[in-house]
$ cat work_23.csv   # CSV, C-alpha atoms
chain,number,residue,atom,x,y,z
A,1,ALA,CA,-25.0,-19.8,19.4
A,2,SER,CA,-22.6,-17.6,21.4
A,3,ASP,CA,-19.5,-19.6,20.2
A,4,VAL,CA,-19.0,-17.8,16.9
A,5,TYR,CA,-16.1,-19.9,15.6
A,6,LYS,CA,-17.5,-23.3,16.6
A,7,ARG,CA,-20.9,-22.5,14.8
A,8,GLN,CA,-19.1,-21.2,11.8
A,9,TYR,CA,-17.1,-24.4,11.4
A,10,MET,CA,-20.2,-26.5,11.9
A,11,VAL,CA,-22.1,-24.7,9.2
A,12,ARG,CA,-19.1,-25.0,6.9
A,13,VAL,CA,-18.8,-28.8,7.2
A,14,MET,CA,-22.5,-29.9,7.6
A,15,GLY,CA,-23.1,-30.4,3.9
A,16,GLU,CA,-25.2,-28.6,1.3
A,17,ARG,CA,-28.5,-30.3,2.3
A,18,MET,CA,-28.2,-29.2,5.9
A,19,GLN,CA,-26.9,-25.8,4.9
A,20,LYS,CA,-30.1,-25.2,2.9
A,21,ARG,CA,-32.2,-26.4,5.9
A,22,TYR,CA,-30.2,-24.0,8.2
A,23,TRP,CA,-30.9,-21.2,5.6
A,24,ARG,CA,-34.7,-21.9,5.7
A,25,ILE,CA,-34.7,-21.9,9.5
A,26,LEU,CA,-33.1,-18.4,9.4
A,27,ARG,CA,-35.6,-17.2,6.9
A,28,GLY,CA,-38.4,-18.5,9.1
A,29,MET,CA,-37.0,-16.6,12.1
A,30,VAL,CA,-37.1,-13.3,10.1
A,31,LYS,CA,-40.6,-14.0,8.7
A,32,ALA,CA,-42.0,-14.8,12.2
A,33,GLN,CA,-39.9,-12.0,13.8
A,34,ARG,CA,-38.8,-14.4,16.6
A,35,TYR,CA,-35.1,-14.3,17.3
A,36,PRO,CA,-32.9,-16.1,20.0
A,37,THR,CA,-32.3,-13.8,22.9
A,38,GLY,CA,-28.6,-14.5,22.7
A,39,TRP,CA,-28.4,-12.6,19.5
A,40,ASN,CA,-28.5,-9.3,21.4
A,41,GLU,CA,-25.7,-10.3,23.8
A,42,TRP,CA,-22.4,-9.1,22.3
A,43,ILE,CA,-18.9,-9.5,23.6
A,44,ALA,CA,-16.3,-6.7,23.1
A,45,MET,CA,-12.6,-7.2,22.6
A,46,LEU,CA,-10.6,-4.0,23.4
A,47,LEU,CA,-7.8,-3.9,20.8
A,48,MET,CA,-4.8,-1.6,21.2
A,49,LYS,CA,-4.2,1.2,18.6
A,50,PRO,CA,-0.7,1.6,17.3
A,51,GLY,CA,1.4,4.0,19.4
A,52,GLU,CA,-1.1,4.3,22.2
A,53,ASP,CA,-0.5,3.6,25.9
A,54,PRO,CA,-1.9,0.1,26.7
A,55,LYS,CA,-3.0,1.3,30.1
A,56,ASN,CA,-5.3,3.9,28.7
A,57,LEU,CA,-8.5,1.9,28.0
A,58,GLU,CA,-10.2,4.9,26.5
A,59,ARG,CA,-7.8,4.8,23.6
A,60,ARG,CA,-8.5,1.2,22.7
A,61,ARG,CA,-10.8,0.1,19.9
A,62,ASP,CA,-13.8,-2.0,20.9
A,63,ILE,CA,-14.5,-4.7,18.3
A,64,TRP,CA,-17.8,-6.6,19.0
A,65,LEU,CA,-18.3,-10.3,18.6
A,66,GLN,CA,-21.7,-11.6,17.5
A,67,CYS,CA,-23.5,-14.9,17.2
A,68,HIS,CA,-22.7,-16.6,13.9
A,69,SER,CA,-26.3,-17.1,13.0
A,70,LEU,CA,-26.9,-13.3,13.4
A,71,LYS,CA,-24.1,-12.6,11.0
A,72,CYS,CA,-25.7,-15.0,8.5
A,73,ILE,CA,-29.0,-13.0,8.6
A,74,THR,CA,-27.0,-9.7,8.3
A,75,ARG,CA,-25.2,-11.0,5.2
A,76,MET,CA,-28.6,-12.0,3.7
A,77,ILE,CA,-30.1,-8.5,4.1
A,78,LEU,CA,-26.9,-6.6,3.3
A,79,PRO,CA,-27.6,-6.3,-0.5
A,80,ALA,CA,-30.6,-4.2,0.3
A,81,TYR,CA,-28.4,-1.7,2.1
A,82,GLU,CA,-25.7,-1.8,-0.6
A,83,GLY,CA,-28.3,-1.1,-3.3
A,84,ALA,CA,-29.8,1.8,-1.5
A,85,THR,CA,-26.5,3.5,-0.7
A,86,ASP,CA,-25.0,2.9,-4.1
A,87,ARG,CA,-28.0,4.7,-5.6
A,88,ASN,CA,-28.2,7.6,-3.2
A,89,VAL,CA,-24.9,8.3,-1.5
A,90,GLY,CA,-23.0,9.7,-4.5
A,91,VAL,CA,-19.3,10.0,-5.2
A,92,MET,CA,-18.4,11.9,-2.0
A,93,GLN,CA,-18.0,8.6,-0.1
A,94,ALA,CA,-15.1,6.4,-1.2
A,95,GLY,CA,-15.1,4.1,1.8
A,96,TRP,CA,-16.5,0.6,1.7
A,97,THR,CA,-17.4,1.0,-2.0
A,98,ARG,CA,-16.4,-1.4,-4.7
A,99,ASP,CA,-13.6,-0.2,-7.0
A,100,ARG,CA,-12.9,2.8,-4.7
A,101,CYS,CA,-9.9,3.4,-2.5
A,102,ALA,CA,-8.4,5.9,0.0
A,103,PRO,CA,-5.6,7.3,-2.2
A,104,GLU,CA,-8.0,8.7,-4.7
A,105,TRP,CA,-9.0,11.4,-2.2
A,106,THR,CA,-5.5,12.3,-1.1
A,107,LEU,CA,-4.5,12.4,-4.8
A,108,THR,CA,-7.5,14.6,-5.6
A,109,ALA,CA,-6.5,17.1,-2.8
A,110,ARG,CA,-3.0,17.2,-4.0
A,111,LEU,CA,-4.0,17.8,-7.6
A,112,LEU,CA,-6.3,20.6,-6.5
A,113,GLY,CA,-3.3,22.1,-4.6
A,114,GLU,CA,-1.3,21.9,-7.9
A,115,GLN,CA,-4.1,23.6,-9.7
A,116,GLN,CA,-4.3,26.4,-7.2
A,117,MET,CA,-0.6,26.9,-7.5
A,118,ARG,CA,-0.8,27.4,-11.2
A,119,ALA,CA,-3.7,29.8,-10.9
A,120,ARG,CA,-2.1,31.5,-7.8
A,121,LYS,CA,-5.3,31.0,-5.7
A,122,MET,CA,-5.8,30.2,-2.1
A,123,CYS,CA,-5.7,26.5,-1.1
A,124,CYS,CA,-7.9,25.8,1.9
A,125,ARG,CA,-8.3,22.4,3.5
A,126,GLY,CA,-10.2,21.2,6.5
A,127,TYR,CA,-9.9,17.8,8.1
A,128,VAL,CA,-12.8,16.3,10.1
A,129,ASP,CA,-12.6,13.5,12.6
A,130,LEU,CA,-15.9,12.3,14.1
A,131,GLY,CA,-14.8,10.8,17.5
A,132,CYS,CA,-16.1,7.3,18.3
A,133,TYR,CA,-18.4,7.6,15.3
A,134,PHE,CA,-19.5,3.9,15.0
A,135,MET,CA,-20.5,3.6,18.6
A,136,SER,CA,-22.1,7.1,18.8
A,137,VAL,CA,-24.8,6.9,16.1
A,138,VAL,CA,-28.3,7.4,17.6
A,139,HIS,CA,-30.7,4.7,16.6
A,140,ALA,CA,-33.6,7.1,15.8
A,141,VAL,CA,-31.4,9.3,13.6
A,142,GLN,CA,-29.9,6.3,11.8
A,143,LYS,CA,-33.4,5.0,11.2
A,144,GLU,CA,-34.5,8.3,9.5
A,145,ALA,CA,-31.2,8.4,7.5
A,146,GLU,CA,-31.9,4.9,6.1
A,147,ARG,CA,-35.5,5.9,5.3
A,148,TRP,CA,-34.3,9.0,3.4
A,149,HIS,CA,-31.9,6.8,1.4
A,150,GLY,CA,-34.5,4.3,0.3
A,151,VAL,CA,-33.6,1.3,2.5
A,152,PRO,CA,-36.8,-0.9,2.6
A,153,LEU,CA,-38.6,-0.3,5.9
A,154,GLU,CA,-38.9,-4.0,6.6
A,155,VAL,CA,-35.2,-4.5,6.2
A,156,SER,CA,-34.4,-1.5,8.5
A,157,ALA,CA,-36.9,-2.9,11.1
A,158,ILE,CA,-34.9,-6.2,11.2
A,159,VAL,CA,-31.6,-4.5,12.0
A,160,HIS,CA,-33.1,-2.1,14.5
A,161,ALA,CA,-34.7,-5.1,16.3
A,162,PHE,CA,-31.1,-6.3,16.8
A,163,ARG,CA,-30.3,-3.0,18.4
A,164,GLU,CA,-33.3,-1.7,20.3
A,165,GLY,CA,-35.1,-5.1,20.9
A,166,GLN,CA,-38.7,-5.8,20.3
A,167,GLU,CA,-41.8,-4.4,22.0
A,168,GLY,CA,-43.8,-6.6,24.4
A,169,GLU,CA,-43.6,-8.3,27.7
A,170,ASP,CA,-43.1,-11.7,26.3
A,171,ASP,CA,-40.1,-13.5,27.8
A,172,LYS,CA,-39.2,-14.7,24.3
A,173,ALA,CA,-39.2,-11.2,22.8
A,174,LEU,CA,-35.8,-9.9,21.9
A,175,LYS,CA,-34.5,-7.5,24.5
A,176,GLY,CA,-32.4,-4.4,23.9
A,177,LEU,CA,-28.7,-4.9,23.0
A,178,THR,CA,-26.3,-5.6,25.8
A,179,GLY,CA,-22.6,-6.1,25.8
A,180,ARG,CA,-19.8,-7.6,28.0
A,181,TYR,CA,-16.2,-6.6,27.8
A,182,GLU,CA,-13.4,-9.2,27.7
A,183,THR,CA,-10.7,-8.7,30.4
A,184,ALA,CA,-7.8,-10.6,31.8
A,185,TYR,CA,-10.1,-11.7,34.7
A,186,GLY,CA,-13.1,-12.8,32.5
A,187,LEU,CA,-16.1,-11.1,31.1
A,188,THR,CA,-17.7,-8.1,32.8
A,189,ASP,CA,-21.3,-7.9,33.7
A,190,PRO,CA,-23.7,-7.0,30.9
A,191,VAL,CA,-24.2,-3.3,30.1
A,192,GLU,CA,-26.8,-1.7,27.9
A,193,ILE,CA,-25.6,-0.5,24.5
A,194,MET,CA,-28.0,2.4,24.0
A,195,LYS,CA,-26.6,3.6,20.6
A,196,GLY,CA,-24.1,2.8,17.9
A,197,LEU,CA,-23.9,0.8,14.7
A,198,GLY,CA,-21.5,-1.7,16.2
A,199,GLN,CA,-17.9,-2.1,15.2
A,200,GLY,CA,-17.6,-5.6,13.9
A,201,ASP,CA,-21.1,-5.8,12.6
A,202,LEU,CA,-21.2,-6.7,8.9
A,203,ALA,CA,-23.7,-4.1,7.9
A,204,SER,CA,-22.2,-1.2,9.9
A,205,PRO,CA,-19.9,0.1,7.2
A,206,THR,CA,-22.6,0.3,4.6
A,207,ARG,CA,-25.2,1.6,7.0
A,208,SER,CA,-22.8,4.4,8.2
A,209,LYS,CA,-22.7,5.9,4.7
A,210,ALA,CA,-26.3,7.0,4.9
A,211,LEU,CA,-25.8,9.3,7.9
A,212,LEU,CA,-22.4,10.5,6.6
A,213,ALA,CA,-23.9,11.4,3.3
A,214,LEU,CA,-26.5,13.6,5.1
A,215,ILE,CA,-23.7,15.5,6.9
A,216,ALA,CA,-21.8,16.0,3.6
A,217,GLY,CA,-25.0,17.1,1.9
A,218,VAL,CA,-25.4,19.9,4.5
A,219,VAL,CA,-21.9,21.2,3.7
A,220,ASP,CA,-22.4,21.0,0.0
A,221,ARG,CA,-25.6,23.0,0.2
A,222,ALA,CA,-24.2,25.7,2.4
A,223,CYS,CA,-20.8,26.1,0.9
A,224,ALA,CA,-19.2,26.2,-2.5
A,225,GLY,CA,-16.2,23.9,-2.7
A,226,ALA,CA,-13.0,24.3,-4.7
A,227,LYS,CA,-13.5,24.8,-8.4
A,228,VAL,CA,-12.1,22.3,-10.8
A,229,GLU,CA,-10.6,24.2,-13.7
A,230,GLY,CA,-12.2,23.4,-17.1
A,231,ARG,CA,-15.3,22.0,-15.5
A,232,SER,CA,-18.5,23.4,-13.9
A,233,GLU,CA,-18.3,21.1,-10.8
A,234,ARG,CA,-16.8,22.1,-7.5
A,235,VAL,CA,-15.3,19.7,-4.9
A,236,GLY,CA,-16.4,20.5,-1.4
A,237,THR,CA,-16.4,17.3,0.7
A,238,LEU,CA,-14.4,14.1,0.4
A,239,PHE,CA,-15.2,11.2,2.8
A,240,PHE,CA,-13.5,7.9,3.3
A,241,ALA,CA,-15.6,6.1,6.0
A,242,ASP,CA,-15.9,8.7,8.8
A,243,ASP,CA,-12.7,10.6,7.8
A,244,GLY,CA,-13.6,13.8,6.0
A,245,MET,CA,-11.9,16.5,4.1
A,246,LEU,CA,-13.3,19.9,3.3
A,247,LEU,CA,-12.0,22.0,0.4
A,248,ALA,CA,-12.6,25.7,-0.3
A,249,GLU,CA,-11.0,28.6,-2.0
A,250,ASP,CA,-11.1,31.1,0.9
A,251,VAL,CA,-11.1,30.8,4.7
A,252,GLN,CA,-14.6,32.3,5.0
A,253,THR,CA,-16.1,29.4,3.0
A,254,LEU,CA,-14.0,26.9,5.0
A,255,GLN,CA,-15.3,28.5,8.2
A,256,ARG,CA,-18.9,28.0,7.0
A,257,ALA,CA,-18.1,24.4,6.0
A,258,PHE,CA,-16.8,23.6,9.5
A,259,GLU,CA,-19.9,25.3,11.0
A,260,ALA,CA,-22.2,23.2,8.8
A,261,VAL,CA,-20.4,20.0,10.0
A,262,TRP,CA,-20.7,21.2,13.5
A,263,ILE,CA,-24.4,21.9,13.3
A,264,ALA,CA,-25.2,18.6,11.5
A,265,THR,CA,-23.2,16.5,13.9
A,266,LYS,CA,-24.8,18.3,16.9
A,267,ILE,CA,-28.3,17.6,15.5
A,268,ALA,CA,-27.3,14.0,14.9
A,269,GLY,CA,-25.9,13.5,18.3
A,270,LEU,CA,-22.3,13.2,17.1
A,271,LYS,CA,-19.2,15.4,17.7
A,272,MET,CA,-16.1,16.6,16.0
A,273,GLN,CA,-13.1,15.4,17.9
A,274,ILE,CA,-10.1,17.7,18.6
A,275,LYS,CA,-6.8,16.3,19.9
A,276,LYS,CA,-4.1,18.9,19.3
A,277,LYS,CA,-3.5,18.8,15.5
A,278,LYS,CA,-4.1,15.1,15.1
A,279,LYS,CA,-7.8,14.9,14.7
A,280,THR,CA,-9.9,17.9,13.4
A,281,ALA,CA,-7.6,20.6,11.9
A,282,TRP,CA,-7.3,23.1,9.0
A,283,SER,CA,-4.8,24.8,6.7
A,284,ALA,CA,-4.8,27.6,4.2
A,285,THR,CA,-2.2,29.1,2.0
A,286,TYR,CA,-2.1,32.0,-0.5
A,287,TRP,CA,0.4,33.4,-3.0
A,288,GLU,CA,2.3,36.7,-2.7
A,289,GLY,CA,5.2,37.6,-5.0
A,290,GLY,CA,5.5,34.1,-6.3
A,291,ILE,CA,5.9,32.7,-2.7
A,292,GLU,CA,3.3,30.4,-1.0
A,293,LYS,CA,2.5,31.7,2.5
A,294,ASP,CA,0.3,30.5,5.3
A,295,VAL,CA,-2.8,32.5,6.2
A,296,SER,CA,-2.4,34.2,9.5
A,297,GLY,CA,-4.7,36.1,11.8
A,298,TRP,CA,-7.7,33.8,11.3
A,299,THR,CA,-9.1,31.7,14.2
A,300,MET,CA,-11.4,28.9,13.2
A,301,THR,CA,-14.0,29.1,16.1
A,302,MET,CA,-17.2,27.1,16.3
A,303,PRO,CA,-20.5,28.4,17.7
A,304,ASP,CA,-19.8,26.7,21.1
A,305,GLY,CA,-16.3,28.4,21.4
A,306,MET,CA,-14.4,25.3,20.2
A,307,VAL,CA,-11.2,26.4,18.3
A,308,ILE,CA,-10.0,24.2,15.5
A,309,PRO,CA,-6.2,24.2,15.3
A,310,GLN,CA,-4.4,25.4,12.2
A,311,LEU,CA,-1.5,23.6,10.4
A,312,THR,CA,1.3,25.9,9.3
A,313,GLY,CA,4.8,25.7,7.9
A,314,GLU,CA,6.2,22.1,7.7
A,315,GLU,CA,3.4,20.6,9.8
A,316,THR,CA,1.5,17.7,8.3
A,317,TYR,CA,-1.8,16.0,8.9
A,318,THR,CA,-2.1,12.2,8.4
A,319,TYR,CA,-5.2,11.7,6.3
A,320,LEU,CA,-6.0,8.2,5.3
A,321,GLY,CA,-2.4,7.1,6.1
A,322,SER,CA,-0.9,9.8,3.9
A,323,GLU,CA,0.9,12.9,5.2
A,324,MET,CA,-0.9,16.0,3.8
A,325,HIS,CA,1.1,19.3,3.8
A,326,THR,CA,-0.4,22.7,4.0
A,327,GLY,CA,-0.1,23.6,0.3
A,328,TRP,CA,1.8,22.9,-2.9
A,329,MET,CA,5.1,22.1,-1.2
A,330,GLN,CA,7.1,22.9,-4.3
A,331,GLY,CA,5.9,19.7,-6.0
A,332,HIS,CA,7.3,17.5,-3.2
A,333,SER,CA,4.1,16.5,-1.5
A,334,GLN,CA,4.3,12.9,-2.7
A,335,GLU,CA,7.8,12.3,-1.3
A,336,MET,CA,6.8,11.1,2.2
A,337,VAL,CA,4.2,8.7,0.7
A,338,ARG,CA,6.7,7.3,-1.8
A,339,ALA,CA,9.3,6.8,1.0
A,340,LYS,CA,6.7,4.9,3.1
A,341,VAL,CA,5.9,2.6,0.2
A,342,VAL,CA,9.6,1.9,-0.5
A,343,ARG,CA,10.1,1.2,3.3
A,344,LYS,CA,7.2,-1.2,3.6
A,345,CYS,CA,8.2,-3.0,0.4
A,346,SER,CA,11.8,-3.4,1.4
A,347,LEU,CA,10.8,-4.7,4.8
A,348,ALA,CA,8.4,-7.3,3.2
A,349,LEU,CA,11.1,-8.5,0.8
A,350,ARG,CA,13.7,-8.9,3.6
A,351,MET,CA,11.2,-10.9,5.8
A,352,ILE,CA,10.4,-13.2,2.9
A,353,GLY,CA,14.1,-13.6,2.1
A,354,TYR,CA,14.7,-14.9,5.6
A,355,LEU,CA,12.2,-17.7,5.3
A,356,ALA,CA,13.8,-21.1,5.0
A,357,TYR,CA,12.7,-24.0,2.7
A,358,LEU,CA,11.1,-21.8,0.1
A,359,THR,CA,11.7,-22.8,-3.5
A,360,GLU,CA,12.7,-20.1,-6.0
A,361,GLU,CA,9.1,-20.2,-7.5
A,362,GLN,CA,7.5,-19.9,-4.0
A,363,MET,CA,9.8,-17.0,-3.0
A,364,GLY,CA,9.1,-15.1,-6.2
A,365,ARG,CA,5.3,-15.6,-5.8
A,366,ALA,CA,5.5,-14.5,-2.2
A,367,MET,CA,7.4,-11.4,-3.1
A,368,ALA,CA,5.1,-10.5,-5.9
A,369,LEU,CA,2.0,-10.8,-3.6
A,370,ALA,CA,3.7,-8.8,-0.9
A,371,LEU,CA,4.6,-5.9,-3.2
A,372,ALA,CA,1.2,-5.9,-4.9
A,373,GLY,CA,-0.6,-5.9,-1.6
A,374,THR,CA,1.6,-3.1,-0.2
A,375,ILE,CA,1.5,-0.9,-3.2
A,376,GLY,CA,-2.2,-1.6,-3.8
A,377,SER,CA,-3.4,-0.9,-0.3
A,378,VAL,CA,-1.1,1.9,0.7
A,379,SER,CA,-0.7,4.0,-2.4
A,380,TYR,CA,-1.2,2.4,-5.8
A,381,THR,CA,-3.0,5.5,-7.0
A,382,HIS,CA,-0.2,7.8,-5.7
A,383,LEU,CA,2.5,5.9,-7.7
A,384,ARG,CA,0.4,6.1,-10.8

$ encode --input "work_23.csv" --output "structure tokens"
Amino acid sequence: ASDVYKRQYMVRVMGERMQKRYWRILRGMVKAQRYPTGWNEWIAMLLMKPGEDPKNLERRRDIWLQCHSLKCITRMILPAYEGATDRNVGVMQAGWTRDRCAPEWTLTARLLGEQQMRARKMCCRGYVDLGCYFMSVVHAVQKEAERWHGVPLEVSAIVHAFREGQEGEDDKALKGLTGRYETAYGLTDPVEIMKGLGQGDLASPTRSKALLALIAGVVDRACAGAKVEGRSERVGTLFFADDGMLLAEDVQTLQRAFEAVWIATKIAGLKMQIKKKKKTAWSATYWEGGIEKDVSGWTMTMPDGMVIPQLTGEETYTYLGSEMHTGWMQGHSQEMVRAKVVRKCSLALRMIGYLAYLTEEQMGRAMALALAGTIGSVSYTHLR
């Protein structure tokens, strides 16, 4: 069962009768709560991040491989998690949600900046990066978050057995999760994985929304967000996966919002990551004599003395792949995004044009798919 690809191929070609039998076997395992011990033995591939030094293993992304049969059971119980999060998480989370996309939040922030410019109000934004979020979630905290969001207890128990193991001295009882890392010299010895949702697990994205919603809820209760003109609602937190944005109309409120995140993450066993101005950061602008200026003289300090860096002037923060400026930017805040889309589309068209043996119809179809994919995934909402 440890050879994921071989098992996946076997299930695909075995025929419907055998597939149903395989399905009944998996259901029987869940009902009897007896699982193969190999299910809790994962293998990690350390993938390089763009622009990072390949020698720095700390900056690599660990993607975990699981047994195929375990993935089948995870897919079978996933609708229970999706139903609970869809009912209870709310609109603050746009990640891993059907018919939602990253550009809707960057567009929302830019539109609020436009609104603040017209009203000559302060525009305050905070960016939150939860370092190593997926592999830092504490099992006990996640279990409570799932309970609060209405995930059936029996479903939650199945997933947590695949993390913490099963109680009992029986040799056949599922042990706690262990992992081995793939290297150029083979696999490392097994190490215990004491916490984390697991990057590569099918249920991790949906499960992560429960804990992130609790963090955002703390902020929304403690701080009033930016007011939307013409409506009674305020916008305080925007999350896409674990990338968060805080919105406020004054630096005092933004300070409280950051402190609320700091407290919630400390309680949950997580942390805000600061790496110069690339991870957690903030910006604030105000209007004076018809000119937009950066707020000066304010230090965003957390209770433990951690200082969150401020963005000023022409500095930008890359939020969800889009460069966010400190304020209104005289209506030119979209230009960098548009240039990126044009550059990616032009590159895709040139690559397709160099392919030999394509008919006119095939080339046209390939170009249409490439443009639709680029515009859709990068900034379809921005262009609209």

$ residues_around --input "work_23.csv" --residues "stretch 182-186 of chain A" --least-positions-apart "2" --cutoff "12 Å" --atoms "only C-alpha atoms" --output "PDB file with C-alpha atoms, keeping the file's coordinate frame"
ATOM      1  CA  TRP A  42     -22.400  -9.100  22.300  1.00  0.00           C
ATOM      2  CA  ILE A  43     -18.900  -9.500  23.600  1.00  0.00           C
ATOM      3  CA  ALA A  44     -16.300  -6.700  23.100  1.00  0.00           C
ATOM      4  CA  MET A  45     -12.600  -7.200  22.600  1.00  0.00           C
ATOM      5  CA  LEU A  46     -10.600  -4.000  23.400  1.00  0.00           C
ATOM      6  CA  LEU A  47      -7.800  -3.900  20.800  1.00  0.00           C
ATOM      7  CA  LEU A  57      -8.500   1.900  28.000  1.00  0.00           C
ATOM      8  CA  ASP A  62     -13.800  -2.000  20.900  1.00  0.00           C
ATOM      9  CA  ILE A  63     -14.500  -4.700  18.300  1.00  0.00           C
ATOM     10  CA  TRP A  64     -17.800  -6.600  19.000  1.00  0.00           C
ATOM     11  CA  LEU A  65     -18.300 -10.300  18.600  1.00  0.00           C
ATOM     12  CA  GLY A 179     -22.600  -6.100  25.800  1.00  0.00           C
ATOM     13  CA  ARG A 180     -19.800  -7.600  28.000  1.00  0.00           C
ATOM     14  CA  THR A 188     -17.700  -8.100  32.800  1.00  0.00           C
ATOM     15  CA  ASP A 189     -21.300  -7.900  33.700  1.00  0.00           C
ATOM     16  CA  PRO A 190     -23.700  -7.000  30.900  1.00  0.00           C
TER      17      PRO A 190
END

$ atom_distance --input "work_23.csv" --atom1 "atom CA of A:Arg125" --atom2 "atom CA of A:Asp250"
9.5 Å

$ closest_atom_pairs --input "work_23.csv" --of "stretch 88-181 of chain A" --to "stretch 271-275 of chain A" --cutoff "6 Å" --atoms "all atoms listed in the file" --output "tab-separated table"
residue	atom	partner	partner_atom	distance
A:Asp129	CA	A:Gln273	CA	5.7
A:Leu130	CA	A:Met272	CA	4.7
A:Gly131	CA	A:Gln273	CA	4.9

$ closest_residue --input "work_23.csv" --among "A:Lys55, A:His149, A:His139, A:Arg118" --to "A:Ala213" --atoms "all atoms listed in the file"
A:His149

$ atom_distance --input "work_23.csv" --atom1 "atom CA of A:Ala281" --atom2 "atom CA of A:Met92"
19.6 Å

$ residues_around --input "work_23.csv" --residues "A:Leu247" --least-positions-apart "3" --cutoff "10 Å" --atoms "all atoms listed in the file" --output "CSV table (one decimal) with C-alpha atoms, in the frame of the given file"
chain,number,residue,atom,x,y,z
A,109,ALA,CA,-6.5,17.1,-2.8
A,112,LEU,CA,-6.3,20.6,-6.5
A,123,CYS,CA,-5.7,26.5,-1.1
A,124,CYS,CA,-7.9,25.8,1.9
A,125,ARG,CA,-8.3,22.4,3.5
A,126,GLY,CA,-10.2,21.2,6.5
A,127,TYR,CA,-9.9,17.8,8.1
A,223,CYS,CA,-20.8,26.1,0.9
A,224,ALA,CA,-19.2,26.2,-2.5
A,225,GLY,CA,-16.2,23.9,-2.7
A,226,ALA,CA,-13.0,24.3,-4.7
A,227,LYS,CA,-13.5,24.8,-8.4
A,234,ARG,CA,-16.8,22.1,-7.5
A,235,VAL,CA,-15.3,19.7,-4.9
A,236,GLY,CA,-16.4,20.5,-1.4
A,237,THR,CA,-16.4,17.3,0.7
A,238,LEU,CA,-14.4,14.1,0.4
A,250,ASP,CA,-11.1,31.1,0.9
A,251,VAL,CA,-11.1,30.8,4.7
A,253,THR,CA,-16.1,29.4,3.0
A,254,LEU,CA,-14.0,26.9,5.0
A,257,ALA,CA,-18.1,24.4,6.0
A,282,TRP,CA,-7.3,23.1,9.0
A,283,SER,CA,-4.8,24.8,6.7
A,284,ALA,CA,-4.8,27.6,4.2

$ closest_residue --input "work_23.csv" --among "A:Leu320, A:Met329, A:Leu347, A:Met48" --to "A:Cys101" --atoms "only C-alpha atoms"
A:Leu320

$ closest_residue --input "work_23.csv" --among "A:Thr74, A:Gln142, A:Gln33, A:Thr97" --to "A:Ala161" --atoms "all atoms listed in the file"
A:Gln33

$ atom_distance --input "work_23.csv" --atom1 "atom CA of A:Trp262" --atom2 "atom CA of A:Val91"
21.8 Å

$ residues_around --input "work_23.csv" --residues "A:Ala260" --least-positions-apart "2" --cutoff "8 Å" --atoms "all atoms listed in the file" --output "mmCIF file with C-alpha atoms, in the frame of the given file"
data_model
loop_
_atom_site.group_PDB
_atom_site.id
_atom_site.type_symbol
_atom_site.label_atom_id
_atom_site.label_comp_id
_atom_site.auth_asym_id
_atom_site.auth_seq_id
_atom_site.Cartn_x
_atom_site.Cartn_y
_atom_site.Cartn_z
ATOM 1 C CA VAL A 218 -25.400 19.900 4.500
ATOM 2 C CA VAL A 219 -21.900 21.200 3.700
ATOM 3 C CA ALA A 222 -24.200 25.700 2.400
ATOM 4 C CA ARG A 256 -18.900 28.000 7.000
ATOM 5 C CA ALA A 257 -18.100 24.400 6.000
ATOM 6 C CA PHE A 258 -16.800 23.600 9.500
ATOM 7 C CA TRP A 262 -20.700 21.200 13.500
ATOM 8 C CA ILE A 263 -24.400 21.900 13.300
ATOM 9 C CA ALA A 264 -25.200 18.600 11.500
#

$ closest_residue --input "work_23.csv" --among "A:Thr318, A:Gln93, A:Ser232, A:Thr37" --to "A:Cys67" --atoms "only C-alpha atoms"
A:Thr37

$ closest_residue --input "work_23.csv" --among "A:Glu164, A:Glu114, A:Glu104, A:Glu233" --to "A:Ile193" --atoms "all atoms listed in the file"
A:Glu164

$ residues_near_point --input "work_23.csv" --point "(-28.8, -2.9, -1.6)" --cutoff "12 Å" --atoms "all atoms listed in the file" --output "number ranges by chain"
A: 75-89, 146, 149-152, 155-156, 203, 206-207

$ closest_residue --input "work_23.csv" --among "A:Leu211, A:Ala32, A:Met10, A:Leu358" --to "A:Leu197" --atoms "all atoms listed in the file"
A:Leu211

$ residues_around --input "work_23.csv" --residues "A:Lys276" --least-positions-apart "4" --cutoff "9 Å" --atoms "only C-alpha atoms" --output "MDAnalysis selection string"
chainID A and resid 280:281 308:309
